[in-house]
Every structure is written in structure tokens, then in C-alpha cells.
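As stored in protein_0.csv (CSV, C-alpha atoms):
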```csv
chain,number,residue,atom,x,y,z
A,220,MET,CA,14.1,-4.0,-15.9
A,221,SER,CA,10.7,-2.4,-15.8
A,222,VAL,CA,8.9,-1.6,-12.5
A,223,GLN,CA,6.2,-4.2,-13.2
A,224,ARG,CA,8.8,-6.9,-14.0
A,225,ARG,CA,10.6,-6.1,-10.7
A,226,HIS,CA,7.4,-6.3,-8.8
A,227,ARG,CA,6.4,-9.6,-10.4
A,228,LEU,CA,9.9,-11.0,-9.6
A,229,TYR,CA,9.6,-9.8,-6.0
A,230,PHE,CA,6.2,-11.5,-5.6
A,231,VAL,CA,7.4,-14.7,-7.2
A,232,MET,CA,10.4,-14.8,-4.9
A,233,MET,CA,8.3,-14.1,-1.8
A,234,GLY,CA,5.7,-16.6,-2.9
A,235,SER,CA,8.4,-19.3,-3.3
A,236,CYS,CA,9.6,-18.4,0.2
A,237,VAL,CA,6.2,-18.9,1.7
A,238,GLY,CA,5.7,-22.0,-0.4
A,239,LEU,CA,9.0,-23.5,0.9
A,240,PHE,CA,7.9,-22.8,4.6
A,241,VAL,CA,4.5,-24.4,4.1
A,242,LEU,CA,5.8,-27.3,2.1
A,243,ALA,CA,8.6,-27.9,4.6
A,244,TRP,CA,6.5,-28.1,7.7
A,245,SER,CA,3.3,-29.7,6.2
A,246,VAL,CA,4.8,-32.4,4.0
A,247,VAL,CA,8.6,-32.8,4.0
A,248,ARG,CA,8.9,-33.0,7.8
A,249,LEU,CA,7.0,-36.3,7.7
A,250,TRP,CA,9.9,-37.9,5.9
A,251,SER,CA,12.9,-35.8,6.9
A,252,VAL,CA,13.1,-33.1,9.6
A,253,THR,CA,16.6,-32.2,8.3
A,254,ALA,CA,15.3,-31.5,4.8
A,255,ALA,CA,12.5,-29.4,6.3
A,256,VAL,CA,15.1,-27.3,8.2
A,257,VAL,CA,17.2,-26.9,5.1
A,258,MET,CA,14.2,-25.8,3.2
A,259,CYS,CA,13.5,-23.2,5.9
A,260,VAL,CA,17.0,-21.9,5.8
A,261,VAL,CA,16.8,-21.5,2.0
A,262,ALA,CA,13.4,-19.7,2.5
A,263,MET,CA,15.0,-17.5,5.2
A,264,VAL,CA,17.7,-16.3,2.7
A,265,ILE,CA,15.2,-15.3,-0.1
A,266,PRO,CA,13.6,-12.2,1.4
A,267,PRO,CA,16.7,-10.0,1.5
A,268,PHE,CA,17.4,-10.8,-2.1
A,269,ALA,CA,13.7,-10.1,-3.0
A,270,ALA,CA,14.0,-6.7,-1.3
A,271,ILE,CA,17.2,-5.9,-3.2
A,272,VAL,CA,15.5,-6.9,-6.5
A,273,ALA,CA,12.4,-4.8,-5.8
A,274,ASN,CA,14.3,-1.7,-4.7
A,275,ARG,CA,16.9,-1.7,-7.5
A,276,ARG,CA,16.6,1.2,-9.8
A,277,ASP,CA,17.3,1.7,-13.5
A,278,PRO,CA,19.6,4.5,-14.5
A,279,GLY,CA,16.7,6.5,-16.0
A,280,GLU,CA,14.4,6.3,-13.0
A,281,ARG,CA,14.0,9.4,-11.0
A,282,TRP,CA,11.1,8.6,-8.6
A,283,TRP,CA,13.4,8.4,-5.5
A,284,ASP,CA,14.9,11.9,-6.1
A,285,GLU,CA,11.6,13.8,-5.9
A,286,SER,CA,11.5,15.2,-2.3
A,287,GLY,CA,8.4,17.5,-2.7
A,288,ASP,CA,10.6,20.5,-1.9
A,289,SER,CA,10.6,22.5,-5.1
A,290,GLN,CA,13.8,24.4,-4.4
A,291,SER,CA,15.7,21.2,-3.5
A,292,ASP,CA,14.3,19.4,-6.6
A,293,ARG,CA,15.3,22.3,-8.8
A,294,TRP,CA,18.8,22.2,-7.3
A,295,TRP,CA,19.2,18.5,-8.0
A,296,ARG,CA,18.0,18.9,-11.6
A,297,GLU,CA,20.5,21.7,-12.0
A,298,LEU,CA,23.3,19.5,-10.8
A,299,ASP,CA,22.2,16.7,-13.1
A,300,ASP,CA,22.2,19.0,-16.1
A,301,LYS,CA,25.8,20.1,-15.3
A,302,GLU,CA,26.9,16.5,-15.1
A,303,HIS,CA,25.4,15.5,-18.4
A,304,LYS,CA,27.2,18.3,-20.3
```
Hey, can you dump this file as C-alpha cells for me?
Amino acid sequence: MSVQRRHRLYFVMMGSCVGLFVLAWSVVRLWSVTAAVVMCVVAMVIPPFAAIVANRRDPGERWWDESGDSQSDRWWRELDDKEHK
């Protein structure tokens, strides 16, 4: 999954979370407080999954490995080269 697609999915999930909260307490509560509470519980569960989706990495991605320390980065590249042989 590409970075742009993960970001798009994250924003869709978080947008639906905010939408559920707003819809629950502005519209649904007029008919059923229980349904509004259930909607809020569902909205409460979405953010951890959105964070997991947004922070998941693909096997080929290396952006999290770069520390800025040239010696450390060289050492990690050396280890990766040994594992791939």
C-alpha cells in the first residue's frame, strides 16, 4: 500500500470518526440516546485502527531506519546486505 493511499485511508477513517460524533449528538440523540452512545463507542474505537493503518510499513520502505547518524546507518545497511545474501 502506498504512502498516499495509507494517508487517504487514515483521513477517511478519522473523518468518519468525527462524522459519527457530530451526527450522534446533533441528530440521532433526538430519537435515541442509546443509539447516539453506541455511535460514539464505535467512533471511539476507530482512531487506534487509523493509527495502525497510517503507521504500517511496506517491506521495501526504509524511512524509519534513517537515524541521521552516518555510522549507525552504514552499520544497519551492512547488516541488511548480509541478511539478503
What's the separation between CA of Phe268 (chain A) and CA of Met233 (chain A), in Å to one decimal place? 9.7 Å
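Note that CA of Arg224 (chain A) and CA of Ala262 (chain A) are 21.4 Å apart.
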So which residues touch Cys236 (chain A) within 8 Å, counting all atoms listed in the file, skipping near sequence neighbours fewer than 5 positions away, as a ChimeraX atom specification? /A:262-263,265-266
Counting only C-alpha atoms, what is within 12 Å of Met232 (chain A), bar same-chain residues fewer than 2 positions away, as a PDB file with C-alpha atoms, in the frame of the given file?
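The result, written out as part.pdb:
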```pdb
ATOM      1  CA  ARG A 225      10.600  -6.100 -10.700  1.00  0.00           C
ATOM      2  CA  HIS A 226       7.400  -6.300  -8.800  1.00  0.00           C
ATOM      3  CA  ARG A 227       6.400  -9.600 -10.400  1.00  0.00           C
ATOM      4  CA  LEU A 228       9.900 -11.000  -9.600  1.00  0.00           C
ATOM      5  CA  TYR A 229       9.600  -9.800  -6.000  1.00  0.00           C
ATOM      6  CA  PHE A 230       6.200 -11.500  -5.600  1.00  0.00           C
ATOM      7  CA  GLY A 234       5.700 -16.600  -2.900  1.00  0.00           C
ATOM      8  CA  SER A 235       8.400 -19.300  -3.300  1.00  0.00           C
ATOM      9  CA  CYS A 236       9.600 -18.400   0.200  1.00  0.00           C
ATOM     10  CA  VAL A 237       6.200 -18.900   1.700  1.00  0.00           C
ATOM     11  CA  GLY A 238       5.700 -22.000  -0.400  1.00  0.00           C
ATOM     12  CA  LEU A 239       9.000 -23.500   0.900  1.00  0.00           C
ATOM     13  CA  VAL A 261      16.800 -21.500   2.000  1.00  0.00           C
ATOM     14  CA  ALA A 262      13.400 -19.700   2.500  1.00  0.00           C
ATOM     15  CA  MET A 263      15.000 -17.500   5.200  1.00  0.00           C
ATOM     16  CA  VAL A 264      17.700 -16.300   2.700  1.00  0.00           C
ATOM     17  CA  ILE A 265      15.200 -15.300  -0.100  1.00  0.00           C
ATOM     18  CA  PRO A 266      13.600 -12.200   1.400  1.00  0.00           C
ATOM     19  CA  PRO A 267      16.700 -10.000   1.500  1.00  0.00           C
ATOM     20  CA  PHE A 268      17.400 -10.800  -2.100  1.00  0.00           C
ATOM     21  CA  ALA A 269      13.700 -10.100  -3.000  1.00  0.00           C
ATOM     22  CA  ALA A 270      14.000  -6.700  -1.300  1.00  0.00           C
ATOM     23  CA  ILE A 271      17.200  -5.900  -3.200  1.00  0.00           C
ATOM     24  CA  VAL A 272      15.500  -6.900  -6.500  1.00  0.00           C
ATOM     25  CA  ALA A 273      12.400  -4.800  -5.800  1.00  0.00           C
TER      26      ALA A 273
END
```
In Å to one decimal, how far is CA of Val256 (chain A) from CA of Phe240 (chain A)?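 Interatomic distance, CA of Phe240 (chain A) to CA of Val256 (chain A): 9.2 Å.
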Among the residues A:Val231, A:Leu298, A:Ala255, A:Val260, the one that comes closest to Ala243 (chain A) [using only C-alpha atoms]: A:Ala255
Only C-alpha atoms, please: chain A from the block, as a CSV table (one decimal), in the first residue's frame.
```
chain,number,residue,atom,x,y,z
A,220,MET,CA,0.0,0.0,0.0
A,221,SER,CA,1.5,3.4,-1.0
A,222,VAL,CA,2.1,6.2,1.5
A,223,GLN,CA,-0.6,8.4,-0.2
A,224,ARG,CA,-3.1,5.6,0.0
A,225,ARG,CA,-2.4,5.0,3.7
A,226,HIS,CA,-2.8,8.7,4.4
A,227,ARG,CA,-6.0,8.9,2.5
A,228,LEU,CA,-7.4,5.8,4.4
A,229,TYR,CA,-6.3,7.4,7.7
A,230,PHE,CA,-8.1,10.7,6.9
A,231,VAL,CA,-11.2,8.8,5.8
A,232,MET,CA,-11.2,6.8,9.0
A,233,MET,CA,-10.7,9.9,11.2
A,234,GLY,CA,-13.3,11.8,9.2
A,235,SER,CA,-15.8,9.1,9.7
A,236,CYS,CA,-15.0,9.2,13.4
A,237,VAL,CA,-15.6,12.9,13.7
A,238,GLY,CA,-18.8,12.5,11.5
A,239,LEU,CA,-20.1,9.8,13.8
A,240,PHE,CA,-19.6,12.0,16.9
A,241,VAL,CA,-21.3,15.0,15.2
A,242,LEU,CA,-24.1,13.0,13.8
A,243,ALA,CA,-24.7,11.2,17.1
A,244,TRP,CA,-25.1,14.2,19.2
A,245,SER,CA,-26.7,16.6,16.8
A,246,VAL,CA,-29.3,14.4,15.1
A,247,VAL,CA,-29.5,10.8,16.4
A,248,ARG,CA,-29.8,11.8,20.1
A,249,LEU,CA,-33.2,13.4,19.3
A,250,TRP,CA,-34.6,10.0,18.6
A,251,SER,CA,-32.5,7.6,20.6
A,252,VAL,CA,-29.8,8.4,23.2
A,253,THR,CA,-28.8,4.8,23.3
A,254,ALA,CA,-28.1,4.8,19.5
A,255,ALA,CA,-26.1,8.0,19.9
A,256,VAL,CA,-24.0,6.4,22.7
A,257,VAL,CA,-23.4,3.3,20.5
A,258,MET,CA,-22.3,5.5,17.7
A,259,CYS,CA,-19.8,7.3,20.0
A,260,VAL,CA,-18.4,4.0,21.2
A,261,VAL,CA,-17.9,2.9,17.6
A,262,ALA,CA,-16.2,6.3,16.9
A,263,MET,CA,-14.0,5.8,19.9
A,264,VAL,CA,-12.7,2.5,18.5
A,265,ILE,CA,-11.7,3.9,15.1
A,266,PRO,CA,-8.7,6.1,16.0
A,267,PRO,CA,-6.4,3.3,17.2
A,268,PHE,CA,-7.1,1.4,14.0
A,269,ALA,CA,-6.5,4.5,11.9
A,270,ALA,CA,-3.1,5.0,13.7
A,271,ILE,CA,-2.2,1.4,13.0
A,272,VAL,CA,-3.1,1.8,9.3
A,273,ALA,CA,-1.2,5.1,9.0
A,274,ASN,CA,2.0,3.7,10.6
A,275,ARG,CA,2.1,0.4,8.9
A,276,ARG,CA,5.1,0.0,6.7
A,277,ASP,CA,5.7,-1.9,3.5
A,278,PRO,CA,8.6,-4.3,3.3
A,279,GLY,CA,10.6,-2.0,1.0
A,280,GLU,CA,10.2,1.2,3.0
A,281,ARG,CA,13.3,2.3,4.8
A,282,TRP,CA,12.3,5.8,6.0
A,283,TRP,CA,12.0,4.8,9.7
A,284,ASP,CA,15.6,3.3,9.7
A,285,GLU,CA,17.4,6.5,8.9
A,286,SER,CA,18.7,7.9,12.1
A,287,GLY,CA,20.8,10.8,10.8
A,288,ASP,CA,23.9,9.2,12.3
A,289,SER,CA,26.1,8.1,9.3
A,290,GLN,CA,28.0,5.4,11.2
A,291,SER,CA,24.8,3.8,12.5
A,292,ASP,CA,23.1,4.0,9.2
A,293,ARG,CA,26.1,2.4,7.5
A,294,TRP,CA,26.1,-0.4,10.1
A,295,TRP,CA,22.4,-1.1,9.5
A,296,ARG,CA,22.9,-1.2,5.7
A,297,GLU,CA,25.8,-3.6,6.2
A,298,LEU,CA,23.6,-5.9,8.3
A,299,ASP,CA,20.8,-5.8,5.7
A,300,ASP,CA,23.3,-6.7,2.9
A,301,LYS,CA,24.4,-9.7,4.9
A,302,GLU,CA,20.9,-10.9,5.5
A,303,HIS,CA,19.9,-10.7,1.8
A,304,LYS,CA,22.8,-12.8,0.7
```
